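Undergrad: TSV, C-alpha atoms, file upload10.tsv:
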```
chain	number	residue	atom	x	y	z
A	1	MET	CA	92.89	142.96	95.37
A	2	PRO	CA	93.38	141.65	98.91
A	3	GLY	CA	96.57	140.01	100.08
A	4	ILE	CA	97.17	138.39	103.46
A	5	ASP	CA	97.66	141.70	105.30
A	6	GLN	CA	94.51	143.27	103.86
A	7	VAL	CA	92.40	140.22	104.77
A	8	LEU	CA	93.74	140.23	108.34
A	9	SER	CA	93.05	143.92	108.70
A	10	GLN	CA	89.49	143.34	107.45
A	11	ALA	CA	89.17	140.53	110.00
A	12	MET	CA	89.88	143.10	112.72
A	13	GLY	CA	86.60	144.77	111.73
A	14	ILE	CA	84.53	141.75	112.81
A	15	PRO	CA	82.52	142.63	115.97
A	16	GLY	CA	84.18	141.38	119.16
A	17	VAL	CA	87.48	140.45	117.51
A	18	LEU	CA	90.63	140.61	119.63
A	19	GLY	CA	93.15	139.25	117.17
A	20	ALA	CA	93.62	137.39	113.90
A	21	GLY	CA	96.27	135.37	112.12
A	22	LEU	CA	97.05	133.25	109.07
A	23	ILE	CA	99.00	130.11	109.88
A	24	ASP	CA	100.49	127.10	108.07
A	25	TRP	CA	99.39	124.07	110.07
A	26	THR	CA	102.12	121.69	108.94
A	27	SER	CA	104.79	123.89	110.50
A	28	GLY	CA	103.06	126.35	112.83
A	29	LEU	CA	104.57	129.17	110.77
A	30	THR	CA	102.71	132.46	111.14
A	31	LEU	CA	102.21	134.03	107.72
A	32	GLY	CA	100.58	137.15	109.12
A	33	THR	CA	98.98	138.54	112.29
A	34	ALA	CA	96.77	141.44	113.36
A	35	GLY	CA	95.60	142.66	116.75
A	36	ARG	CA	96.34	140.78	119.96
A	37	ALA	CA	96.98	137.12	120.79
A	38	PRO	CA	96.25	135.12	123.97
A	39	HIS	CA	99.10	135.81	126.45
A	40	ALA	CA	100.38	138.41	123.97
A	41	ASP	CA	102.16	135.63	122.08
A	42	HIS	CA	101.23	135.19	118.41
A	43	GLU	CA	103.91	132.52	117.92
A	44	ALA	CA	102.64	130.32	120.76
A	45	THR	CA	99.06	130.78	119.54
A	46	ALA	CA	100.11	129.66	116.06
A	47	ALA	CA	101.88	126.59	117.43
A	48	ASP	CA	98.97	125.64	119.68
A	49	THR	CA	96.25	126.11	117.07
A	50	ALA	CA	98.39	124.26	114.51
A	51	ASP	CA	98.49	121.28	116.90
A	52	VAL	CA	94.68	121.27	117.06
A	53	VAL	CA	94.38	121.51	113.28
A	54	GLN	CA	96.87	118.69	112.74
A	55	ALA	CA	94.94	116.45	115.10
A	56	VAL	CA	91.78	117.05	113.05
A	57	ALA	CA	93.28	117.06	109.55
A	58	ARG	CA	95.12	113.75	109.84
A	59	ASN	CA	91.96	111.80	110.63
A	60	ALA	CA	89.73	110.33	107.98
A	61	THR	CA	86.81	110.67	110.41
A	62	PHE	CA	86.41	114.37	109.64
A	63	ASP	CA	86.94	113.92	105.94
A	64	THR	CA	83.74	114.04	103.91
A	65	ALA	CA	84.24	111.10	101.60
A	66	GLY	CA	82.68	111.33	98.18
A	67	THR	CA	81.90	115.04	98.17
A	68	THR	CA	83.56	117.57	95.93
A	69	GLY	CA	83.72	120.46	98.40
A	70	PRO	CA	86.60	121.18	100.72
A	71	PRO	CA	86.83	118.43	103.33
A	72	LEU	CA	87.25	120.72	106.33
A	73	GLU	CA	85.71	124.13	106.90
A	74	ASP	CA	85.90	125.31	110.51
A	75	ILE	CA	87.07	124.32	113.93
A	76	ILE	CA	85.43	126.27	116.75
A	77	ILE	CA	86.64	126.25	120.34
A	78	THR	CA	84.55	128.04	122.94
A	79	THR	CA	85.83	129.04	126.35
A	80	GLY	CA	84.26	130.92	129.24
A	81	GLY	CA	85.61	134.23	128.02
A	82	GLY	CA	86.21	133.81	124.33
A	83	TYR	CA	85.82	132.07	121.04
A	84	HIS	CA	88.64	130.66	118.93
A	85	LEU	CA	87.67	130.31	115.28
A	86	ILE	CA	89.73	128.38	112.76
A	87	ARG	CA	88.80	128.57	109.10
A	88	PHE	CA	90.58	126.44	106.49
A	89	VAL	CA	91.63	128.34	103.38
A	90	ASP	CA	90.63	126.32	100.34
A	91	THR	CA	92.97	126.86	97.39
A	92	ALA	CA	93.15	125.50	93.84
A	93	PHE	CA	96.81	124.66	94.44
A	94	ASP	CA	98.26	122.70	97.35
A	95	SER	CA	98.50	124.66	100.60
A	96	GLN	CA	97.87	124.00	104.28
A	97	THR	CA	96.75	127.25	105.85
A	98	TYR	CA	93.95	128.48	108.08
A	99	LEU	CA	92.66	131.83	109.24
A	100	TYR	CA	92.49	132.16	113.01
A	101	LEU	CA	90.22	134.56	114.90
A	102	TRP	CA	90.23	135.26	118.63
A	103	LEU	CA	86.99	136.82	119.87
A	104	ASP	CA	85.72	138.34	123.09
A	105	ARG	CA	82.72	136.24	124.04
A	106	ALA	CA	80.83	139.15	125.59
A	107	GLN	CA	81.14	141.27	122.46
A	108	ALA	CA	81.08	138.75	119.64
A	109	ASN	CA	78.32	136.93	117.80
A	110	LEU	CA	79.70	133.51	116.90
A	111	ALA	CA	77.43	132.97	113.89
A	112	VAL	CA	78.21	136.38	112.42
A	113	ALA	CA	81.94	135.98	113.02
A	114	ARG	CA	81.94	132.57	111.36
A	115	LEU	CA	80.16	133.85	108.26
A	116	ARG	CA	82.44	136.90	108.01
A	117	LEU	CA	85.54	134.72	108.36
A	118	ARG	CA	84.21	132.43	105.63
A	119	GLU	CA	83.84	135.42	103.32
A	120	LEU	CA	87.34	136.63	104.12
A	121	ALA	CA	88.87	133.18	103.46
A	122	ALA	CA	87.06	133.07	100.11
A	123	GLY	CA	88.12	136.63	99.30
A	124	LEU	CA	91.75	135.77	99.86
A	125	VAL	CA	91.71	133.38	96.92
A	126	SER	CA	89.09	134.93	94.64
A	127	GLY	CA	89.95	138.62	94.80
B	1	MET	CA	118.20	120.50	147.26
B	2	GLY	CA	117.65	119.56	143.69
B	3	LEU	CA	120.31	118.96	141.16
B	4	PRO	CA	121.32	121.99	139.14
B	5	ILE	CA	119.72	121.90	135.72
B	6	PRO	CA	122.47	122.11	133.14
B	7	ASP	CA	122.34	125.08	130.83
B	8	ARG	CA	121.00	124.24	127.45
B	9	PRO	CA	123.99	123.97	125.13
B	10	PRO	CA	124.07	126.98	122.81
B	11	ALA	CA	122.60	126.03	119.45
B	12	SER	CA	125.35	126.44	116.93
B	13	ALA	CA	124.25	129.37	114.84
B	14	GLY	CA	123.72	128.13	111.31
B	15	LEU	CA	124.78	129.89	108.16
B	16	LEU	CA	121.28	131.28	107.67
B	17	ASP	CA	121.35	132.84	111.14
B	18	ARG	CA	124.71	134.44	110.44
B	19	TYR	CA	123.58	136.02	107.19
B	20	ALA	CA	120.30	137.08	108.78
B	21	ALA	CA	122.17	138.78	111.61
B	22	GLU	CA	124.19	140.74	109.05
B	23	HIS	CA	120.98	141.87	107.28
B	24	VAL	CA	122.36	140.84	103.92
B	25	THR	CA	120.63	141.01	100.55
B	26	GLY	CA	121.51	138.40	97.96
B	27	ALA	CA	121.39	134.68	97.20
B	28	LEU	CA	122.68	131.78	99.30
B	29	ARG	CA	123.31	128.79	97.06
B	30	SER	CA	123.57	125.31	98.60
B	31	PRO	CA	123.42	121.80	97.09
B	32	HIS	CA	119.71	121.37	97.83
B	33	GLY	CA	118.33	124.85	97.48
B	34	CYS	CA	118.90	128.52	96.87
B	35	PHE	CA	117.77	131.05	99.50
B	36	TYR	CA	117.06	134.63	98.45
B	37	LEU	CA	117.40	137.19	101.22
B	38	LEU	CA	116.38	140.80	101.55
B	39	ASP	CA	117.80	142.64	104.53
B	40	GLY	CA	118.44	139.29	106.24
B	41	ALA	CA	114.90	137.90	105.78
B	42	VAL	CA	114.13	135.03	103.39
B	43	TYR	CA	111.66	135.84	100.62
B	44	CYS	CA	112.21	132.97	98.18
B	45	VAL	CA	113.62	129.44	98.34
B	46	GLU	CA	114.11	127.25	95.29
B	47	GLY	CA	115.23	123.63	95.28
B	48	GLY	CA	114.98	120.56	93.10
B	49	THR	CA	113.36	118.21	95.64
B	50	ALA	CA	110.00	119.88	96.21
B	51	PRO	CA	107.72	121.21	93.46
B	52	GLY	CA	108.32	124.93	92.99
B	53	LEU	CA	105.85	127.77	92.57
B	54	ASP	CA	105.84	127.22	88.79
B	55	ALA	CA	104.87	123.53	89.04
B	56	ARG	CA	102.22	124.22	91.67
B	57	LEU	CA	100.58	126.96	89.62
B	58	ARG	CA	100.81	125.03	86.36
B	59	VAL	CA	99.44	121.70	87.68
B	60	SER	CA	96.56	123.44	89.44
B	61	GLY	CA	95.67	125.18	86.18
B	62	LYS	CA	96.16	128.64	87.65
B	63	VAL	CA	98.85	129.77	85.25
B	64	PRO	CA	98.98	128.56	81.61
B	65	ALA	CA	102.06	126.67	80.44
B	66	HIS	CA	103.53	129.70	78.66
B	67	GLY	CA	102.68	132.08	81.52
B	68	TRP	CA	105.68	131.31	83.70
B	69	GLU	CA	108.18	131.86	80.89
B	70	ALA	CA	106.36	135.05	79.90
B	71	ALA	CA	106.62	136.32	83.48
B	72	ARG	CA	110.32	135.54	83.60
B	73	THR	CA	111.13	137.28	80.33
B	74	THR	CA	109.06	140.37	81.11
B	75	ALA	CA	110.25	140.68	84.73
B	76	GLY	CA	112.92	143.20	83.73
B	77	PRO	CA	115.28	145.15	85.97
B	78	HIS	CA	112.54	145.84	88.52
B	79	HIS	CA	112.04	142.09	89.16
B	80	ALA	CA	108.33	142.39	88.50
B	81	GLY	CA	107.65	138.70	87.67
B	82	ALA	CA	105.16	138.17	90.48
B	83	ARG	CA	103.35	141.40	89.68
B	84	TYR	CA	103.02	140.22	86.08
B	85	LEU	CA	101.38	136.91	87.13
B	86	VAL	CA	98.77	138.80	89.17
B	87	GLY	CA	98.41	141.55	86.56
B	88	GLU	CA	97.49	139.02	83.89
B	89	GLY	CA	94.53	137.98	86.07
B	90	TRP	CA	95.75	134.41	86.49
B	91	LEU	CA	95.66	134.54	90.27
B	92	THR	CA	94.89	136.95	93.10
B	93	GLN	CA	97.48	138.61	95.30
B	94	GLY	CA	96.29	136.34	98.14
B	95	GLU	CA	96.77	133.21	96.05
B	96	LEU	CA	100.21	134.34	94.97
B	97	GLU	CA	101.25	134.92	98.59
B	98	LEU	CA	99.83	131.60	99.82
B	99	CYS	CA	101.31	129.51	97.01
B	100	HIS	CA	104.65	131.29	97.19
B	101	LEU	CA	104.94	130.71	100.96
B	102	ALA	CA	103.90	127.06	100.59
B	103	ALA	CA	106.62	126.52	97.99
B	104	LEU	CA	109.16	128.42	100.10
B	105	LEU	CA	108.45	126.31	103.21
B	106	ASP	CA	108.60	123.07	101.26
B	107	ALA	CA	111.89	123.91	99.52
B	108	ALA	CA	113.46	125.12	102.80
B	109	PHE	CA	112.55	121.83	104.51
B	110	PHE	CA	114.75	119.84	102.12
B	111	ALA	CA	117.59	122.38	102.00
B	112	LEU	CA	118.13	123.15	105.71
B	113	PRO	CA	120.50	123.09	107.48
B	114	LEU	CA	122.88	124.67	104.99
B	115	PRO	CA	126.22	122.85	104.73
B	116	PRO	CA	128.87	125.55	105.36
B	117	GLU	CA	131.45	123.92	103.11
B	118	ALA	CA	129.14	123.75	100.09
B	119	THR	CA	127.20	127.02	100.38
B	120	SER	CA	128.14	130.23	98.63
B	121	PHE	CA	126.70	133.72	98.93
B	122	THR	CA	126.23	136.13	96.03
B	123	PRO	CA	125.53	139.61	97.35
B	124	GLY	CA	123.00	141.78	95.59
B	125	THR	CA	121.27	139.03	93.59
B	126	VAL	CA	117.48	139.52	93.45
B	127	HIS	CA	115.00	136.88	92.25
B	128	TRP	CA	113.14	137.83	89.08
B	129	LEU	CA	109.77	137.22	90.78
B	130	GLY	CA	110.57	140.04	93.18
B	131	VAL	CA	109.76	140.07	96.88
B	132	VAL	CA	106.27	138.63	97.52
B	133	ARG	CA	106.47	138.09	101.30
B	134	ARG	CA	109.32	137.73	103.73
B	135	VAL	CA	109.89	135.20	106.51
B	136	SER	CA	112.50	135.71	109.20
B	137	ALA	CA	115.34	133.19	109.21
B	138	ALA	CA	114.50	132.24	112.81
B	139	ALA	CA	110.80	131.61	112.03
B	140	LEU	CA	111.70	129.59	108.94
B	141	GLN	CA	114.07	127.37	110.90
B	142	ARG	CA	111.51	126.90	113.69
B	143	ALA	CA	108.90	125.91	111.10
B	144	THR	CA	111.32	123.46	109.49
B	145	ALA	CA	112.18	121.91	112.88
B	146	HIS	CA	108.45	121.51	113.60
B	147	ARG	CA	107.97	119.71	110.28
B	148	ARG	CA	111.02	117.52	110.93
B	149	ALA	CA	109.56	116.45	114.27
B	150	LEU	CA	106.24	115.54	112.60
B	151	LEU	CA	108.00	113.37	110.03
B	152	ASP	CA	110.31	111.78	112.62
B	153	ARG	CA	107.30	110.34	114.46
B	154	TRP	CA	106.93	108.00	111.49
B	155	GLN	CA	110.65	107.27	111.19
B	156	PRO	CA	110.22	103.46	111.39
B	157	TRP	CA	108.41	103.63	108.04
B	158	ALA	CA	111.02	105.86	106.37
B	159	THR	CA	111.99	103.07	103.96
B	160	VAL	CA	109.02	104.06	101.79
B	161	ASP	CA	110.40	107.58	101.20
B	162	THR	CA	112.53	106.77	98.18
B	163	CYS	CA	110.82	103.67	96.77
B	164	PRO	CA	107.96	103.41	94.28
B	165	VAL	CA	104.58	103.71	96.04
B	166	VAL	CA	102.71	100.41	95.69
B	167	PRO	CA	99.19	100.38	97.18
B	168	VAL	CA	98.08	97.20	98.92
B	169	GLU	CA	95.35	95.56	96.82
B	170	PRO	CA	92.63	95.10	97.77
B	171	PRO	CA	92.70	97.85	100.41
B	172	ARG	CA	92.53	96.43	103.90
B	173	SER	CA	89.16	96.78	105.50
B	174	GLY	CA	89.04	98.98	108.55
B	175	ALA	CA	91.92	101.18	107.43
B	176	ALA	CA	90.58	104.59	106.48
B	177	ALA	CA	92.51	107.13	104.44
B	178	THR	CA	91.94	110.87	104.15
B	179	GLY	CA	90.85	112.34	100.83
B	180	ARG	CA	94.37	113.49	100.20
B	181	GLN	CA	95.74	110.03	100.88
B	182	ARG	CA	93.11	108.41	98.65
B	183	ARG	CA	94.20	110.72	95.85
B	184	LEU	CA	97.81	109.63	96.33
B	185	LEU	CA	96.79	105.96	96.28
B	186	ALA	CA	94.77	106.52	93.10
B	187	SER	CA	97.74	108.18	91.41
B	188	ALA	CA	100.32	105.60	92.47
B	189	ASP	CA	101.28	103.65	89.34
B	190	GLY	CA	103.71	101.30	91.09
B	191	ARG	CA	106.72	103.12	89.62
B	192	SER	CA	106.59	106.65	91.06
B	193	THR	CA	108.26	107.50	94.35
B	194	PRO	CA	106.58	109.90	96.80
B	195	TYR	CA	108.78	112.73	95.45
B	196	GLU	CA	107.71	111.97	91.87
B	197	LEU	CA	104.04	111.80	92.87
B	198	ALA	CA	104.36	115.20	94.57
B	199	ARG	CA	105.92	116.71	91.44
B	200	VAL	CA	103.33	115.25	89.05
B	201	LEU	CA	100.40	116.29	91.26
B	202	GLY	CA	101.90	119.67	92.27
B	203	LEU	CA	101.71	118.72	95.95
B	204	SER	CA	103.91	119.58	98.91
B	205	ALA	CA	106.73	117.02	98.94
B	206	PHE	CA	106.86	117.15	102.74
B	207	VAL	CA	103.13	116.46	103.22
B	208	THR	CA	103.33	113.70	100.60
B	209	LEU	CA	106.19	111.98	102.48
B	210	LEU	CA	104.19	112.24	105.70
B	211	ASP	CA	101.06	110.79	104.03
B	212	ILE	CA	102.94	107.88	102.43
B	213	ARG	CA	104.61	106.99	105.73
B	214	ARG	CA	101.19	107.05	107.45
B	215	LEU	CA	99.72	104.90	104.69
B	216	ALA	CA	102.58	102.43	105.12
B	217	ALA	CA	101.96	102.29	108.87
B	218	ALA	CA	98.26	101.67	108.26
B	219	GLY	CA	99.13	98.85	105.86
B	220	LEU	CA	97.71	100.56	102.79
B	221	VAL	CA	101.07	100.88	101.03
B	222	HIS	CA	103.61	98.06	100.63
B	223	LEU	CA	106.91	98.35	102.40
B	224	PRO	CA	109.88	97.74	100.13
B	225	ARG	CA	111.36	94.27	100.42
B	226	GLY	CA	114.62	93.98	102.29
B	227	PRO	CA	117.83	93.02	100.49
B	228	ALA	CA	117.38	89.71	98.67
B	229	GLY	CA	118.72	86.73	100.54
B	230	ALA	CA	118.78	88.39	103.91
B	231	LEU	CA	117.26	86.18	106.54
B	232	PRO	CA	114.51	87.76	108.60
B	233	ARG	CA	115.68	88.37	112.12
B	234	ARG	CA	113.64	86.65	114.73
B	235	ARG	CA	111.86	89.17	116.87
B	236	PRO	CA	110.90	88.06	120.35
B	237	GLY	CA	107.18	87.61	120.67
B	238	ALA	CA	106.51	87.89	116.96
B	239	ARG	CA	104.64	85.08	115.33
B	240	PRO	CA	103.12	84.53	111.92
B	241	ALA	CA	99.54	85.58	111.30
B	242	GLU	CA	97.96	82.15	111.42
B	243	ARG	CA	95.58	82.33	114.34
B	244	PRO	CA	92.12	81.82	112.81
B	245	ALA	CA	89.45	84.24	113.91
B	246	ALA	CA	86.56	82.63	115.69
B	247	SER	CA	83.56	82.37	113.39
B	248	GLY	CA	81.12	85.24	113.67
B	249	GLU	CA	83.78	87.47	115.21
B	250	ARG	CA	84.81	90.67	113.45
B	251	PRO	CA	88.29	90.27	112.03
B	252	ALA	CA	90.72	92.08	114.29
B	253	PRO	CA	92.31	95.12	112.63
B	254	THR	CA	95.85	94.39	111.59
B	255	TRP	CA	98.73	96.82	111.46
B	256	GLN	CA	101.71	96.80	109.22
B	257	LEU	CA	104.93	96.60	111.15
B	258	PRO	CA	107.93	98.63	110.04
B	259	VAL	CA	109.83	95.45	109.30
B	260	PRO	CA	109.60	94.38	105.67
B	261	GLU	CA	110.08	90.67	106.40
B	262	LEU	CA	107.27	90.56	108.90
B	263	PHE	CA	104.68	92.11	106.67
B	264	GLU	CA	101.77	92.30	109.04
B	265	THR	CA	100.35	90.66	112.04
B	266	ALA	CA	96.93	89.50	113.16
B	267	ASP	CA	98.18	88.79	116.66
B	268	PRO	CA	96.02	91.11	118.75
B	269	ASP	CA	98.79	91.60	121.33
B	270	ILE	CA	101.33	92.76	118.77
B	271	ALA	CA	98.75	94.83	116.93
B	272	LEU	CA	97.78	96.53	120.18
B	273	LEU	CA	101.41	97.24	121.05
B	274	VAL	CA	102.06	98.73	117.62
B	275	ARG	CA	98.94	100.88	117.86
B	276	LEU	CA	99.97	102.01	121.31
B	277	ARG	CA	103.44	102.90	120.14
B	278	THR	CA	102.09	104.80	117.14
B	279	ALA	CA	99.65	106.69	119.34
B	280	LEU	CA	102.37	107.49	121.87
B	281	GLU	CA	104.76	108.65	119.19
B	282	GLU	CA	102.08	110.81	117.64
B	283	ASN	CA	101.54	112.56	120.95
B	284	LEU	CA	105.16	112.95	122.00
```
Output the file's structure as structure tokens, nothing else.

TA:
Amino acid sequence: MPGIDQVLSQAMGIPGVLGAGLIDWTSGLTLGTAGRAPHADHEATAADTADVVQAVARNATFDTAGTTGPPLEDIIITTGGGYHLIRFVDTAFDSQTYLYLWLDRAQANLAVARLRLRELAAGLVSG
Amino acid sequence: MGLPIPDRPPASAGLLDRYAAEHVTGALRSPHGCFYLLDGAVYCVEGGTAPGLDARLRVSGKVPAHGWEAARTTAGPHHAGARYLVGEGWLTQGELELCHLAALLDAAFFALPLPPEATSFTPGTVHWLGVVRRVSAAALQRATAHRRALLDRWQPWATVDTCPVVPVEPPRSGAAATGRQRRLLASADGRSTPYELARVLGLSAFVTLLDIRRLAAAGLVHLPRGPAGALPRRRPGARPAERPAASGERPAPTWQLPVPELFETADPDIALLVRLRTALEENL
């Protein structure tokens, strides 16, 4: 049954992945990391991605009113050299975490990585 | 030549830092929470202000009402309470870790900093749940400071923290709430405070405070009335909302000011200034 560390180590098997993390976006607290982080700083990456997530999560604009599914799924940031994938972890209880994936653009397939990260986020809470 | 930049004053090392540096194992009891440490790292925090792991798992339907007590009584000398919860098939290891960390963060927020005069340390004490995941004392305090800064941006609306949440009826047009905020508004019975709503709904007390302050700023939740009999202070530039909107014009969005006596304003200048200030404070 996967815990945080197992899910992050599985995330490192996604093609083109450079690093992964699980972060609480209300505090920027890193709950787990694997692989590398931009500028070799997992803490700064957690703080910076948490800022992005907060900016999205506090706005009703991105909230799907009237649907039963999770309101937010992914945030994707593309740069010249890489992809930054953020996947919200949907839980039955109250929590504010996301899985973060840093990918090498030349090696990664964004669509594949997104689907794999979705599976991993689901696996974290369904076993 | 520029002026010398003064050295940052050394942050006074808190109690938690001191115990972390000594790599202690045991329980730190303070008025607002109990911190369990293993080798100097925090692995469990319990407090009365925020809903604990038990409330979160019970309200969400993850663990049946008797399950928590059963886990506690069967934990035994190996402190296997958490293993029992997972072993019964009520939740996955991932869920346990996520929920446990969420409860830990929330409880730590209301218990830090530890008051030295009212905190005691019991060496060797281990929580019956056992060690699920550990967080370093430094990371926990950084996370708590980050949360404090988020909440402080909405400090002018802090009067709603401890008062019953009363939604503004009918909801003002043009003010949109997130799904989470709509759920809070729907659950507000006019008697429950944000803390009580968090407990009943099994939600993070910190996020609930933040949401209620934002709702108050957006004018979707009433601000508590000031002390009876107190005369409203005149505020330069403030004027009552009496300017009629020109026919056919969209009504200008109004914002609730953090002054109970001056409930809201339709003056576009004041509304713009308040919006600007809120936006600036949000991006500080």

Undergrad: Please determine the contact residues of chain A with respect to chain B at a cut-off of 7 Å, counting all atoms listed in the file, and supply them as a list in words.

TA: Met1, Pro2, Gly3, Ile4, Thr26, Ser27, Gly28, Leu29, Asn59, Ala60, Asp63, Ala65, Ala92, Phe93, Asp94, Ser95, Leu124, Val125, Ser126 and Gly127 of chain A

Undergrad: What is the distance, in Å and to one decimal place, between atom CA of Pro167 of chain B and atom CA of Ala188 of chain B?

TA: 7.1 Å

Undergrad: Just how far from atom CA of His39 of chain A is atom CA of Asp51 of chain A, in Å to one decimal?

TA: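 That distance, rounded to one decimal, is 17.4 Å.
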
Undergrad: Calculate how many Å separate atom CA of Leu104 of chain B from atom CA of His79 of chain B, rounding to one decimal.

TA: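 Atom-to-atom, atom CA of Leu104 of chain B and atom CA of His79 of chain B are spaced 17.7 Å apart.
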
Undergrad: Leaving out Leu18 of chain A and any residue of its chain fewer than 4 positions from it, which residues lie within 8 Å of it when counting all atoms listed in the file, given as number ranges by chain?

TA: A: 12, 35-37, 101-104

Undergrad: Print the selection's residues with C-alpha atoms to a file, as a PDB file, in the coordinates of the input.

TA:
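As a result, result.pdb now contains:
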```pdb
ATOM      1  CA  MET A  12      89.880 143.100 112.720  1.00  0.00           C
ATOM      2  CA  GLY A  35      95.600 142.660 116.750  1.00  0.00           C
ATOM      3  CA  ARG A  36      96.340 140.780 119.960  1.00  0.00           C
ATOM      4  CA  ALA A  37      96.980 137.120 120.790  1.00  0.00           C
ATOM      5  CA  LEU A 101      90.220 134.560 114.900  1.00  0.00           C
ATOM      6  CA  TRP A 102      90.230 135.260 118.630  1.00  0.00           C
ATOM      7  CA  LEU A 103      86.990 136.820 119.870  1.00  0.00           C
ATOM      8  CA  ASP A 104      85.720 138.340 123.090  1.00  0.00           C
TER       9      ASP A 104
END
```

Undergrad: B:Ala111, B:Ala137, B:Ala205, B:Leu185: which is nearest Leu16 of chain B, counting only C-alpha atoms?

TA: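 Closest candidate: B:Ala137.
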